[in-house]
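Undergrad: Structure file structure.cif (mmCIF, C-alpha atoms and all ligand atoms) right here:
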data_coords
#
loop_
_atom_site.group_PDB
_atom_site.id
_atom_site.type_symbol
_atom_site.label_atom_id
_atom_site.label_comp_id
_atom_site.auth_asym_id
_atom_site.auth_seq_id
_atom_site.Cartn_x
_atom_site.Cartn_y
_atom_site.Cartn_z
ATOM 1 C CA MET A 6 -165.632 128.565 -82.645
ATOM 2 C CA ASN A 7 -166.896 125.019 -82.007
ATOM 3 C CA ILE A 8 -163.973 122.579 -81.892
ATOM 4 C CA ASP A 9 -164.387 118.879 -80.992
ATOM 5 C CA GLN A 10 -160.990 117.626 -79.709
ATOM 6 C CA ASN A 11 -161.604 114.063 -81.000
ATOM 7 C CA ILE A 12 -162.174 115.053 -84.596
ATOM 8 C CA GLU A 13 -159.572 116.078 -87.211
ATOM 9 C CA ASN A 14 -159.272 119.760 -88.017
ATOM 10 C CA ILE A 15 -159.587 120.927 -91.595
ATOM 11 C CA VAL A 16 -158.801 124.354 -92.974
ATOM 12 C CA VAL A 17 -160.250 125.240 -96.374
ATOM 13 C CA PHE A 18 -158.430 128.313 -97.667
ATOM 14 C CA THR A 19 -160.186 129.987 -100.604
ATOM 15 C CA GLY A 20 -159.697 132.770 -103.134
ATOM 16 C CA ALA A 21 -161.709 134.343 -105.911
ATOM 17 C CA GLY A 22 -161.487 131.177 -108.067
ATOM 18 C CA VAL A 23 -163.906 129.246 -105.845
ATOM 19 C CA SER A 24 -166.634 131.787 -106.701
ATOM 20 C CA ALA A 25 -165.735 132.162 -110.397
ATOM 21 C CA GLU A 26 -168.150 129.389 -111.425
ATOM 22 C CA SER A 27 -170.921 131.192 -109.521
ATOM 23 C CA GLY A 28 -170.450 134.047 -111.980
ATOM 24 C CA ILE A 29 -168.345 136.377 -109.789
ATOM 25 C CA PRO A 30 -165.257 137.281 -111.819
ATOM 26 C CA THR A 31 -161.788 137.001 -110.322
ATOM 27 C CA PHE A 32 -159.680 140.149 -110.460
ATOM 28 C CA ARG A 33 -156.536 139.088 -112.301
ATOM 29 C CA ASP A 34 -157.655 136.413 -114.774
ATOM 30 C CA MET A 35 -158.379 137.223 -118.428
ATOM 31 C CA GLY A 36 -161.713 139.011 -118.437
ATOM 32 C CA GLY A 37 -161.224 139.729 -114.711
ATOM 33 C CA LEU A 38 -162.286 142.986 -113.128
ATOM 34 C CA TRP A 39 -158.850 144.582 -113.243
ATOM 35 C CA ASN A 40 -159.039 144.513 -117.049
ATOM 36 C CA THR A 41 -162.068 146.811 -116.780
ATOM 37 C CA TYR A 42 -161.078 148.964 -113.792
ATOM 38 C CA ASN A 43 -157.862 150.536 -112.604
ATOM 39 C CA ILE A 44 -157.101 149.187 -109.111
ATOM 40 C CA GLU A 45 -155.853 152.509 -107.754
ATOM 41 C CA GLU A 46 -159.056 154.253 -108.838
ATOM 42 C CA VAL A 47 -161.464 152.039 -106.900
ATOM 43 C CA ALA A 48 -159.690 149.913 -104.298
ATOM 44 C CA SER A 49 -157.271 152.091 -102.366
ATOM 45 C CA PRO A 50 -157.426 154.630 -99.519
ATOM 46 C CA GLU A 51 -156.232 157.271 -102.010
ATOM 47 C CA ALA A 52 -159.236 156.554 -104.257
ATOM 48 C CA TRP A 53 -161.574 156.897 -101.276
ATOM 49 C CA ASN A 54 -159.998 160.208 -100.283
ATOM 50 C CA THR A 55 -160.188 161.697 -103.767
ATOM 51 C CA HIS A 56 -163.209 160.046 -105.482
ATOM 52 C CA PRO A 57 -165.418 158.494 -102.774
ATOM 53 C CA GLN A 58 -168.513 158.362 -104.995
ATOM 54 C CA ARG A 59 -166.632 156.340 -107.628
ATOM 55 C CA VAL A 60 -165.520 153.889 -104.912
ATOM 56 C CA LEU A 61 -169.046 153.618 -103.489
ATOM 57 C CA ASP A 62 -170.487 153.023 -106.976
ATOM 58 C CA PHE A 63 -167.921 150.288 -107.695
ATOM 59 C CA TYR A 64 -168.645 148.386 -104.473
ATOM 60 C CA ASN A 65 -172.418 148.976 -104.637
ATOM 61 C CA GLU A 66 -172.359 147.196 -107.997
ATOM 62 C CA ARG A 67 -170.107 144.393 -106.668
ATOM 63 C CA ARG A 68 -172.481 143.933 -103.690
ATOM 64 C CA LEU A 69 -175.540 143.527 -105.929
ATOM 65 C CA LYS A 70 -173.743 141.072 -108.233
ATOM 66 C CA ALA A 71 -172.431 138.984 -105.339
ATOM 67 C CA LEU A 72 -175.848 138.740 -103.742
ATOM 68 C CA ALA A 73 -177.415 137.719 -107.044
ATOM 69 C CA ALA A 74 -174.914 134.844 -107.343
ATOM 70 C CA GLU A 75 -175.575 131.393 -105.871
ATOM 71 C CA PRO A 76 -173.148 129.011 -104.140
ATOM 72 C CA ASN A 77 -171.760 126.379 -106.517
ATOM 73 C CA ASP A 78 -170.898 122.678 -106.074
ATOM 74 C CA ALA A 79 -167.491 123.556 -104.581
ATOM 75 C CA HIS A 80 -168.998 125.798 -101.867
ATOM 76 C CA ARG A 81 -171.586 123.084 -101.130
ATOM 77 C CA ALA A 82 -168.983 120.310 -100.950
ATOM 78 C CA ILE A 83 -166.880 122.358 -98.515
ATOM 79 C CA GLN A 84 -169.918 122.638 -96.261
ATOM 80 C CA LEU A 85 -170.380 118.835 -96.345
ATOM 81 C CA LEU A 86 -166.962 118.395 -94.703
ATOM 82 C CA GLU A 87 -168.604 119.580 -91.474
ATOM 83 C CA GLU A 88 -170.374 116.192 -91.264
ATOM 84 C CA ALA A 89 -167.054 114.545 -90.404
ATOM 85 C CA PHE A 90 -164.479 117.177 -89.430
ATOM 86 C CA ASN A 91 -163.935 120.406 -87.509
ATOM 87 C CA VAL A 92 -163.878 122.783 -90.454
ATOM 88 C CA VAL A 93 -162.701 126.369 -90.573
ATOM 89 C CA VAL A 94 -162.985 128.201 -93.892
ATOM 90 C CA ILE A 95 -160.442 130.991 -94.297
ATOM 91 C CA THR A 96 -161.361 133.116 -97.291
ATOM 92 C CA GLN A 97 -159.845 136.015 -99.179
ATOM 93 C CA ASN A 98 -163.259 136.489 -100.769
ATOM 94 C CA VAL A 99 -165.574 139.328 -99.929
ATOM 95 C CA ASP A 100 -168.737 137.532 -101.077
ATOM 96 C CA ASP A 101 -170.821 135.454 -98.647
ATOM 97 C CA LEU A 102 -171.190 132.294 -100.754
ATOM 98 C CA HIS A 103 -169.545 130.043 -98.134
ATOM 99 C CA GLU A 104 -172.011 131.249 -95.502
ATOM 100 C CA ARG A 105 -174.944 130.835 -97.907
ATOM 101 C CA ALA A 106 -173.776 127.283 -98.699
ATOM 102 C CA GLY A 107 -174.086 126.609 -94.967
ATOM 103 C CA SER A 108 -170.477 126.747 -93.742
ATOM 104 C CA THR A 109 -170.648 127.747 -90.093
ATOM 105 C CA GLN A 110 -167.062 128.863 -89.332
ATOM 106 C CA VAL A 111 -165.877 131.351 -91.941
ATOM 107 C CA ILE A 112 -162.994 133.763 -91.377
ATOM 108 C CA HIS A 113 -162.780 136.664 -93.855
ATOM 109 C CA LEU A 114 -159.330 138.155 -94.475
ATOM 110 C CA HIS A 115 -160.345 140.954 -96.856
ATOM 111 C CA GLY A 116 -163.705 142.015 -95.392
ATOM 112 C CA LYS A 117 -167.269 141.476 -96.553
ATOM 113 C CA LEU A 118 -169.128 143.166 -99.380
ATOM 114 C CA ARG A 119 -172.453 143.179 -97.586
ATOM 115 C CA ASN A 120 -171.052 145.141 -94.637
ATOM 116 C CA ALA A 121 -170.564 148.883 -94.215
ATOM 117 C CA ARG A 122 -167.915 150.062 -91.763
ATOM 118 C CA SER A 123 -167.437 153.269 -89.811
ATOM 119 C CA THR A 124 -164.548 155.492 -90.897
ATOM 120 C CA VAL A 125 -163.744 156.443 -87.276
ATOM 121 C CA ASP A 126 -164.265 153.142 -85.443
ATOM 122 C CA ALA A 127 -163.526 149.909 -87.356
ATOM 123 C CA LYS A 128 -165.552 147.917 -84.814
ATOM 124 C CA LEU A 129 -168.761 149.623 -85.963
ATOM 125 C CA ILE A 130 -169.979 147.340 -88.745
ATOM 126 C CA TYR A 131 -173.455 147.287 -90.285
ATOM 127 C CA ASP A 132 -175.020 144.585 -92.463
ATOM 128 C CA PHE A 133 -176.407 146.403 -95.524
ATOM 129 C CA GLY A 134 -177.456 143.231 -97.346
ATOM 130 C CA SER A 135 -177.891 144.309 -100.975
ATOM 131 C CA ARG A 136 -178.572 147.998 -100.141
ATOM 132 C CA PRO A 137 -176.174 150.587 -101.536
ATOM 133 C CA ILE A 138 -173.924 152.594 -99.239
ATOM 134 C CA ASN A 139 -174.607 156.244 -100.067
ATOM 135 C CA TRP A 140 -172.556 159.343 -99.471
ATOM 136 C CA GLY A 141 -174.051 160.790 -96.259
ATOM 137 C CA ASP A 142 -174.763 157.360 -94.631
ATOM 138 C CA GLN A 143 -173.251 157.606 -91.150
ATOM 139 C CA CYS A 144 -172.235 155.346 -88.266
ATOM 140 C CA THR A 145 -173.624 155.884 -84.751
ATOM 141 C CA LYS A 146 -170.641 158.161 -84.070
ATOM 142 C CA GLY A 147 -171.618 160.434 -86.955
ATOM 143 C CA SER A 148 -168.893 159.519 -89.459
ATOM 144 C CA GLN A 149 -169.305 158.485 -93.103
ATOM 145 C CA LEU A 150 -169.689 154.750 -93.773
ATOM 146 C CA ARG A 151 -167.355 152.989 -96.219
ATOM 147 C CA PRO A 152 -167.312 149.454 -97.680
ATOM 148 C CA ASP A 153 -165.951 146.881 -95.180
ATOM 149 C CA ILE A 154 -163.265 145.902 -97.666
ATOM 150 C CA VAL A 155 -159.515 145.672 -97.122
ATOM 151 C CA TRP A 156 -158.082 147.927 -99.820
ATOM 152 C CA PHE A 157 -154.583 147.780 -101.258
ATOM 153 C CA GLY A 158 -152.146 149.007 -98.650
ATOM 154 C CA GLU A 159 -154.509 148.318 -95.728
ATOM 155 C CA GLU A 160 -154.071 145.760 -92.974
ATOM 156 C CA ILE A 161 -155.560 142.318 -93.544
ATOM 157 C CA GLN A 162 -158.252 141.181 -91.052
ATOM 158 C CA ASN A 163 -157.995 138.135 -88.737
ATOM 159 C CA PHE A 164 -154.398 137.218 -89.711
ATOM 160 C CA ASN A 165 -153.454 135.754 -86.303
ATOM 161 C CA LEU A 166 -156.687 133.802 -85.976
ATOM 162 C CA ALA A 167 -156.182 132.338 -89.464
ATOM 163 C CA ALA A 168 -152.536 131.437 -88.689
ATOM 164 C CA TYR A 169 -153.663 129.679 -85.488
ATOM 165 C CA HIS A 170 -156.139 127.485 -87.370
ATOM 166 C CA LEU A 171 -153.578 126.637 -90.079
ATOM 167 C CA LEU A 172 -151.076 125.543 -87.431
ATOM 168 C CA LYS A 173 -153.644 123.201 -85.872
ATOM 169 C CA ALA A 174 -155.035 121.766 -89.117
ATOM 170 C CA HIS A 175 -154.542 118.066 -89.937
ATOM 171 C CA ARG A 176 -155.668 118.641 -93.539
ATOM 172 C CA ILE A 177 -155.563 121.790 -95.640
ATOM 173 C CA LEU A 178 -157.480 122.312 -98.878
ATOM 174 C CA VAL A 179 -156.600 125.489 -100.794
ATOM 175 C CA ILE A 180 -158.989 126.449 -103.616
ATOM 176 C CA GLY A 181 -159.038 129.117 -106.316
ATOM 177 C CA THR A 182 -156.219 131.395 -105.326
ATOM 178 C CA SER A 183 -153.160 132.427 -107.297
ATOM 179 C CA LEU A 184 -151.148 132.944 -104.073
ATOM 180 C CA SER A 185 -150.089 136.332 -105.390
ATOM 181 C CA VAL A 186 -152.013 138.493 -102.911
ATOM 182 C CA TYR A 187 -149.959 139.265 -99.795
ATOM 183 C CA PRO A 188 -149.933 138.968 -96.856
ATOM 184 C CA ALA A 189 -152.756 136.415 -97.297
ATOM 185 C CA ALA A 190 -150.496 134.062 -99.290
ATOM 186 C CA TRP A 191 -147.935 134.029 -96.447
ATOM 187 C CA LEU A 192 -150.493 132.379 -94.205
ATOM 188 C CA LEU A 193 -149.810 129.010 -95.836
ATOM 189 C CA ASP A 194 -146.317 129.121 -94.279
ATOM 190 C CA PHE A 195 -148.075 128.458 -90.955
ATOM 191 C CA ALA A 196 -149.371 125.097 -92.208
ATOM 192 C CA ASN A 197 -148.298 122.214 -89.999
ATOM 193 C CA ASN A 198 -145.514 120.092 -91.594
ATOM 194 C CA HIS A 199 -147.521 116.925 -90.978
ATOM 195 C CA ALA A 200 -150.766 118.169 -92.489
ATOM 196 C CA LYS A 201 -152.142 116.652 -95.708
ATOM 197 C CA LYS A 202 -152.172 119.522 -98.208
ATOM 198 C CA ILE A 203 -153.897 119.965 -101.551
ATOM 199 C CA ILE A 204 -154.267 123.050 -103.728
ATOM 200 C CA VAL A 205 -156.880 123.305 -106.501
ATOM 201 C CA SER A 206 -156.346 126.257 -108.821
ATOM 202 C CA MET A 207 -156.187 126.943 -112.526
ATOM 203 C CA ASP A 208 -152.986 128.955 -112.094
ATOM 204 C CA LEU A 209 -150.465 129.654 -109.369
ATOM 205 C CA ALA A 210 -147.935 132.462 -108.971
ATOM 206 C CA GLN A 211 -145.832 130.035 -106.914
ATOM 207 C CA GLU A 212 -146.210 126.341 -106.096
ATOM 208 C CA PRO A 213 -146.074 126.078 -102.319
ATOM 209 C CA ASP A 214 -143.830 123.415 -100.757
ATOM 210 C CA GLU A 215 -145.483 120.177 -99.683
ATOM 211 C CA PHE A 216 -148.793 120.883 -101.472
ATOM 212 C CA LYS A 217 -150.187 118.602 -104.144
ATOM 213 C CA TRP A 218 -151.342 120.961 -106.928
ATOM 214 C CA ILE A 219 -154.447 119.907 -108.891
ATOM 215 C CA ARG A 220 -154.812 122.208 -111.886
ATOM 216 C CA ALA A 221 -158.582 122.103 -112.451
ATOM 217 C CA LYS A 222 -161.816 123.977 -111.951
ATOM 218 C CA ALA A 223 -163.077 123.936 -108.388
ATOM 219 C CA THR A 224 -166.517 122.439 -109.130
ATOM 220 C CA GLU A 225 -164.919 119.614 -111.121
ATOM 221 C CA VAL A 226 -162.649 118.285 -108.389
ATOM 222 C CA VAL A 227 -163.609 119.634 -104.951
ATOM 223 C CA PRO A 228 -166.711 117.407 -104.499
ATOM 224 C CA GLY A 229 -164.528 114.333 -105.220
ATOM 225 C CA ILE A 230 -161.809 115.385 -102.759
ATOM 226 C CA VAL A 231 -164.457 115.955 -100.095
ATOM 227 C CA SER A 232 -166.021 112.493 -100.645
ATOM 228 C CA GLU A 233 -162.562 110.894 -100.533
ATOM 229 C CA TRP A 234 -161.661 112.653 -97.277
ATOM 230 C CA ILE A 235 -164.965 111.738 -95.632
ATOM 231 C CA ASN A 236 -164.699 108.098 -96.857
ATOM 232 C CA SER A 237 -161.078 107.887 -95.657
ATOM 233 C CA LEU A 238 -162.379 107.981 -92.085
ATOM 234 C CA GLY A 239 -164.001 104.582 -92.752
ATOM 235 C CA ARG A 240 -167.134 105.317 -90.777
HETATM 236 P P1 LIG A 301 -156.793 135.264 -106.526
HETATM 237 O O1 LIG A 301 -155.467 135.003 -106.001
HETATM 238 O O2 LIG A 301 -157.938 134.941 -105.649
HETATM 239 O O3 LIG A 301 -156.888 134.576 -108.025
HETATM 240 C C1 LIG A 301 -157.887 133.724 -108.458
HETATM 241 C C2 LIG A 301 -157.298 132.349 -108.782
HETATM 242 O O4 LIG A 301 -158.346 131.447 -109.043
HETATM 243 C C3 LIG A 301 -156.374 132.312 -110.017
HETATM 244 O O5 LIG A 301 -155.201 131.599 -109.702
HETATM 245 C C4 LIG A 301 -157.158 131.508 -111.065
HETATM 246 O O6 LIG A 301 -156.346 130.723 -111.901
HETATM 247 C C5 LIG A 301 -158.004 130.647 -110.173
HETATM 248 N N1 LIG A 301 -159.278 130.245 -110.770
HETATM 249 C C6 LIG A 301 -160.066 130.927 -111.644
HETATM 250 N N2 LIG A 301 -161.178 130.226 -111.905
HETATM 251 C C7 LIG A 301 -161.096 129.065 -111.185
HETATM 252 C C8 LIG A 301 -161.943 127.941 -111.016
HETATM 253 N N3 LIG A 301 -163.119 127.844 -111.640
HETATM 254 N N4 LIG A 301 -161.542 126.953 -110.182
HETATM 255 C C9 LIG A 301 -160.346 127.023 -109.533
HETATM 256 N N5 LIG A 301 -159.491 128.069 -109.662
HETATM 257 C C10 LIG A 301 -159.873 129.074 -110.466
HETATM 258 O O7 LIG A 301 -156.796 136.713 -106.838
HETATM 259 P P2 LIG A 301 -157.739 137.749 -107.550
HETATM 260 O O8 LIG A 301 -158.819 137.148 -108.353
HETATM 261 O O9 LIG A 301 -156.753 138.621 -108.196
HETATM 262 O O10 LIG A 301 -158.419 138.507 -106.322
HETATM 263 C C11 LIG A 301 -157.690 139.253 -105.407
HETATM 264 C C12 LIG A 301 -158.551 139.613 -104.223
HETATM 265 O O11 LIG A 301 -159.684 140.345 -104.662
HETATM 266 C C13 LIG A 301 -159.142 138.438 -103.510
HETATM 267 O O12 LIG A 301 -158.247 137.925 -102.631
HETATM 268 C C14 LIG A 301 -160.394 139.070 -102.889
HETATM 269 O O13 LIG A 301 -160.084 139.794 -101.747
HETATM 270 C C15 LIG A 301 -160.850 140.005 -103.946
HETATM 271 N N6 LIG A 301 -161.862 139.374 -104.828
HETATM 272 C C16 LIG A 301 -162.922 138.739 -104.260
HETATM 273 C C17 LIG A 301 -163.857 138.123 -105.052
HETATM 274 C C18 LIG A 301 -165.008 137.425 -104.386
HETATM 275 O O14 LIG A 301 -165.308 137.723 -103.224
HETATM 276 N N7 LIG A 301 -165.645 136.469 -105.038
HETATM 277 C C19 LIG A 301 -163.748 138.175 -106.439
HETATM 278 C C20 LIG A 301 -162.656 138.843 -107.001
HETATM 279 C C21 LIG A 301 -161.711 139.428 -106.167
#
If you convert what's in this file into C-alpha cells, what do you get?
Ligand code: NAD

TA:
Amino acid sequence: MNIDQNIENIVVFTGAGVSAESGIPTFRDMGGLWNTYNIEEVASPEAWNTHPQRVLDFYNERRLKALAAEPNDAHRAIQLLEEAFNVVVITQNVDDLHERAGSTQVIHLHGKLRNARSTVDAKLIYDFGSRPINWGDQCTKGSQLRPDIVWFGEEIQNFNLAAYHLLKAHRILVIGTSLSVYPAAWLLDFANNHAKKIIVSMDLAQEPDEFKWIRAKATEVVPGIVSEWINSLGR
C-alpha cells in the first residue's frame, strides 16, 4: 500500500448500505435478500456441502447483478478523498463498486463476488468477471471452484490488516453498515481514540462510542463530508 507519511490517514469502512443506492439490495433491510432467501440454504458451508448447485446459482445471479450496477455518488466521493489523504477503504461488501469508482486501496473482509476460489488452496483465486462458476470448474490443483465469499461461520479475510489501518487512521468514516455482522463490527474497537469519527447509516444495531452518527442515505451526505474534510486542510 502507498502511504505518504506527511499526509493524514483516512479509513472509510463500508457495508451493504453504501451500494444500496446503486441498486444492490442489503441483506437485512426490508425488501433485503434475506427476506427472499434462507441464509442457511445459500450462504453457509453446510449449504455448499449439501446443495452446491443452489449455492452456485445464488452467487452467479448476485455476480451478474453486481456487475450490472454502477458506482454511486458516495463511492465516487470516497475516491475523491485520495486527492488529499492517504485513504484505505475497508469494506464488508463483495461487489467491486469502490474499485470501479477508482479507489486504489480497497481491503475486502468478506471476499469478492467476481472471484472464484479453490476448495483445496485458498490462495488460488481466479477473476471470473461476470462469468458463472459451474459445477465441474476446477482450480489448477484439480479441485472444484467455489465463490470467493466468506460464508456464515467462516473466518473473515484481512482482519489484522484492517485493524492495523484503523489504529493508524486520523479520520474514520463508516458508511452503510448496521454493525451487526461480526467479527467485522469489532474492528471499530481498534479505532484510535484521537481519530475524528463519523458514521452514516440509516439504522444501527449499536451506536459505537465516540462516533457522530448521521442517520441519512449515503449519497445525500457523503459528498458533503468529503468536501468538508478536503476543505478543512485549507489548501
Ligand atoms: P449491513 O450491516 O451491511 O447493513 C446495511 C446497513 O446499511 C443497514 O444498517 C441499513 O440501515 C444501511 N443502509 C441501507 N441503505 C442505506 C443507504 N442508502 N445509505 C446509508 N445506509 C444505508 O448488513 P447486511 O446488509 O445485512 O449485509 C451483511 C453482509 O452481506 C455484508 O457485510 C456483506 O458481506 C454482504 N452483502 C454485500 C452486499 C454488497 O456487496 N453490495 C450486499 C448485501 C450483503

Undergrad: Between A:Asp208, A:Asp194, A:Glu51, A:Glu233, which is the closest to ligand LIG 301 (chain A) once you count all atoms listed in the file?

TA: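 Checking each of A:Asp208, A:Asp194, A:Glu51, A:Glu233 against ligand LIG 301 (chain A), counting all atoms listed in the file, the winner is A:Asp208.
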
Undergrad: Between atom CA of A:Asp126 and atom CA of A:Gln149, what is the distance in Å, rounded to a tenth?

TA: 10.6 Å

Undergrad: Find the residue from A:Asn77, A:Ser148, A:Asn98, A:Asn236 that sits nearest to A:Ser27; use only C-alpha atoms when measuring.

TA: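 Nearest candidate to A:Ser27 out of A:Asn77, A:Ser148, A:Asn98, A:Asn236: A:Asn77.
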
Undergrad: Run the PyMOL selection byres (((chain A and resi 197) around 10) and not hetatm) against the file shown and list the residues it catches, as a PyMOL selection string.

TA: chain A and resi 170-177+193-196+198-202

Undergrad: Name every residue that the PyMOL selection byres (((chain A and resi 13) around 7) and not hetatm) selects in this structure, writing the answer as JSON, numbers by chain with chains first and numbers rising.

TA: {"A": [11, 12, 14, 15, 90, 91, 175]}

Undergrad: Neighbours of ligand LIG 301 (chain A) at 7 Å or closer, counting all atoms listed in the file: which residues, as JSON, numbers by chain?

TA: {"A": [20, 21, 22, 23, 24, 25, 26, 29, 30, 31, 32, 33, 34, 97, 98, 99, 100, 115, 180, 181, 182, 183, 184, 185, 186, 205, 206, 207, 208, 209, 221, 222, 223, 224]}

Undergrad: My list of candidates is A:Ile235, A:Ile219, A:Ile95, A:Ala127. Which is closest to A:Ala190 when distances are computed with only C-alpha atoms?

TA: A:Ile95

Undergrad: Given the choices A:Pro76, A:Pro57, A:Ala89, A:Ala71, which gets closest to A:Asp9 if the distance is worked out from all atoms listed in the file?

TA: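 Going through A:Pro76, A:Pro57, A:Ala89, A:Ala71 one by one, the smallest distance to A:Asp9 is for A:Ala89.
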
Undergrad: Looking at A:Tyr169, A:Phe164, A:Tyr131, A:Trp156, which one is nearest to A:Arg119, with distances taken over all atoms listed in the file?

TA: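 For A:Arg119, the nearest of the given residues is A:Tyr131.
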
Undergrad: Have a look at atom CA of A:Phe157 and atom CA of A:Pro188 and let me know their distance in Å, one decimal.

TA: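 Interatomic distance, atom CA of A:Phe157 to atom CA of A:Pro188: 10.9 Å.
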
Undergrad: So that I can check the surroundings of A:Glu45, please list as a ChimeraX atom specification every protein, DNA and RNA residue that reaches within 12 Å of it, counting all atoms listed in the file and ignoring chain neighbours fewer than 4 positions away.

TA: /A:39,49-56,59-60,156-158

Undergrad: For atom CA of A:Leu85 and atom CA of A:Ile204, determine how far apart the two atoms are, in Å to one decimal place.

TA: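 Separating atom CA of A:Leu85 from atom CA of A:Ile204 is a distance of 18.2 Å.
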
Undergrad: With 10 Å as the threshold, what does the neighbourhood of (-172.5, 128.0, -95.0) contain in terms of residues, counting all atoms listed in the file? Coordinates are those of the file; answer as a ChimeraX atom specification.

TA: /A:76,80-81,83-85,87,94,101-111

Undergrad: Print the selection's residues with C-alpha atoms to a file, as a PDB file, in the frame of the given file.

TA:
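Saved as result-v1.pdb:
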ATOM      1  CA  PRO A  76    -173.148 129.011-104.140  1.00  0.00           C
ATOM      2  CA  HIS A  80    -168.998 125.798-101.867  1.00  0.00           C
ATOM      3  CA  ARG A  81    -171.586 123.084-101.130  1.00  0.00           C
ATOM      4  CA  ILE A  83    -166.880 122.358 -98.515  1.00  0.00           C
ATOM      5  CA  GLN A  84    -169.918 122.638 -96.261  1.00  0.00           C
ATOM      6  CA  LEU A  85    -170.380 118.835 -96.345  1.00  0.00           C
ATOM      7  CA  GLU A  87    -168.604 119.580 -91.474  1.00  0.00           C
ATOM      8  CA  VAL A  94    -162.985 128.201 -93.892  1.00  0.00           C
ATOM      9  CA  ASP A 101    -170.821 135.454 -98.647  1.00  0.00           C
ATOM     10  CA  LEU A 102    -171.190 132.294-100.754  1.00  0.00           C
ATOM     11  CA  HIS A 103    -169.545 130.043 -98.134  1.00  0.00           C
ATOM     12  CA  GLU A 104    -172.011 131.249 -95.502  1.00  0.00           C
ATOM     13  CA  ARG A 105    -174.944 130.835 -97.907  1.00  0.00           C
ATOM     14  CA  ALA A 106    -173.776 127.283 -98.699  1.00  0.00           C
ATOM     15  CA  GLY A 107    -174.086 126.609 -94.967  1.00  0.00           C
ATOM     16  CA  SER A 108    -170.477 126.747 -93.742  1.00  0.00           C
ATOM     17  CA  THR A 109    -170.648 127.747 -90.093  1.00  0.00           C
ATOM     18  CA  GLN A 110    -167.062 128.863 -89.332  1.00  0.00           C
ATOM     19  CA  VAL A 111    -165.877 131.351 -91.941  1.00  0.00           C
TER      20      VAL A 111
END

Undergrad: Extract, using all atoms listed in the file, all DNA, RNA and protein residues at most 9 Å from A:Gly28, discarding same-chain residues fewer than 5 positions from it, and format them as an NGL selection string.

TA: :A and (70-71 or 74-75)

Undergrad: Taking (-172.7, 159.4, -93.6) as a centre in this file's frame and 12 Å as the limit, can you find every polymer residue with an atom that close, using all atoms listed in the file, and give them as a PDB file with C-alpha atoms, in the frame of the given file?

TA:
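Everything below was put into part-v9.pdb:
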ATOM      1  CA  PRO A  57    -165.418 158.494-102.774  1.00  0.00           C
ATOM      2  CA  ALA A 121    -170.564 148.883 -94.215  1.00  0.00           C
ATOM      3  CA  ARG A 122    -167.915 150.062 -91.763  1.00  0.00           C
ATOM      4  CA  SER A 123    -167.437 153.269 -89.811  1.00  0.00           C
ATOM      5  CA  THR A 124    -164.548 155.492 -90.897  1.00  0.00           C
ATOM      6  CA  VAL A 125    -163.744 156.443 -87.276  1.00  0.00           C
ATOM      7  CA  ILE A 138    -173.924 152.594 -99.239  1.00  0.00           C
ATOM      8  CA  ASN A 139    -174.607 156.244-100.067  1.00  0.00           C
ATOM      9  CA  TRP A 140    -172.556 159.343 -99.471  1.00  0.00           C
ATOM     10  CA  GLY A 141    -174.051 160.790 -96.259  1.00  0.00           C
ATOM     11  CA  ASP A 142    -174.763 157.360 -94.631  1.00  0.00           C
ATOM     12  CA  GLN A 143    -173.251 157.606 -91.150  1.00  0.00           C
ATOM     13  CA  CYS A 144    -172.235 155.346 -88.266  1.00  0.00           C
ATOM     14  CA  THR A 145    -173.624 155.884 -84.751  1.00  0.00           C
ATOM     15  CA  LYS A 146    -170.641 158.161 -84.070  1.00  0.00           C
ATOM     16  CA  GLY A 147    -171.618 160.434 -86.955  1.00  0.00           C
ATOM     17  CA  SER A 148    -168.893 159.519 -89.459  1.00  0.00           C
ATOM     18  CA  GLN A 149    -169.305 158.485 -93.103  1.00  0.00           C
ATOM     19  CA  LEU A 150    -169.689 154.750 -93.773  1.00  0.00           C
ATOM     20  CA  ARG A 151    -167.355 152.989 -96.219  1.00  0.00           C
TER      21      ARG A 151
END

Undergrad: Ranking A:Pro228, A:Pro213, A:Gly239, A:Gly134 by minimum distance to A:Leu118 and counting all atoms listed in the file, which one comes first?

TA: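 Closest candidate: A:Gly134.
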
Undergrad: Find the spatial neighbours of A:Gln162, counting all atoms listed in the file, within a cut-off of 8 Å - ignore same-chain residues fewer than 6 positions away - and output them as a PyMOL selection string.

TA: chain A and resi 113-116+155

Undergrad: Exactly which residues make up the result of the PyMOL selection byres (((chain A and resi 137) around 9) and not hetatm) on this file, given as a VMD selection string?

TA: chain A and resid 61 to 62 64 to 66 68 to 69 133 to 136 138 to 139
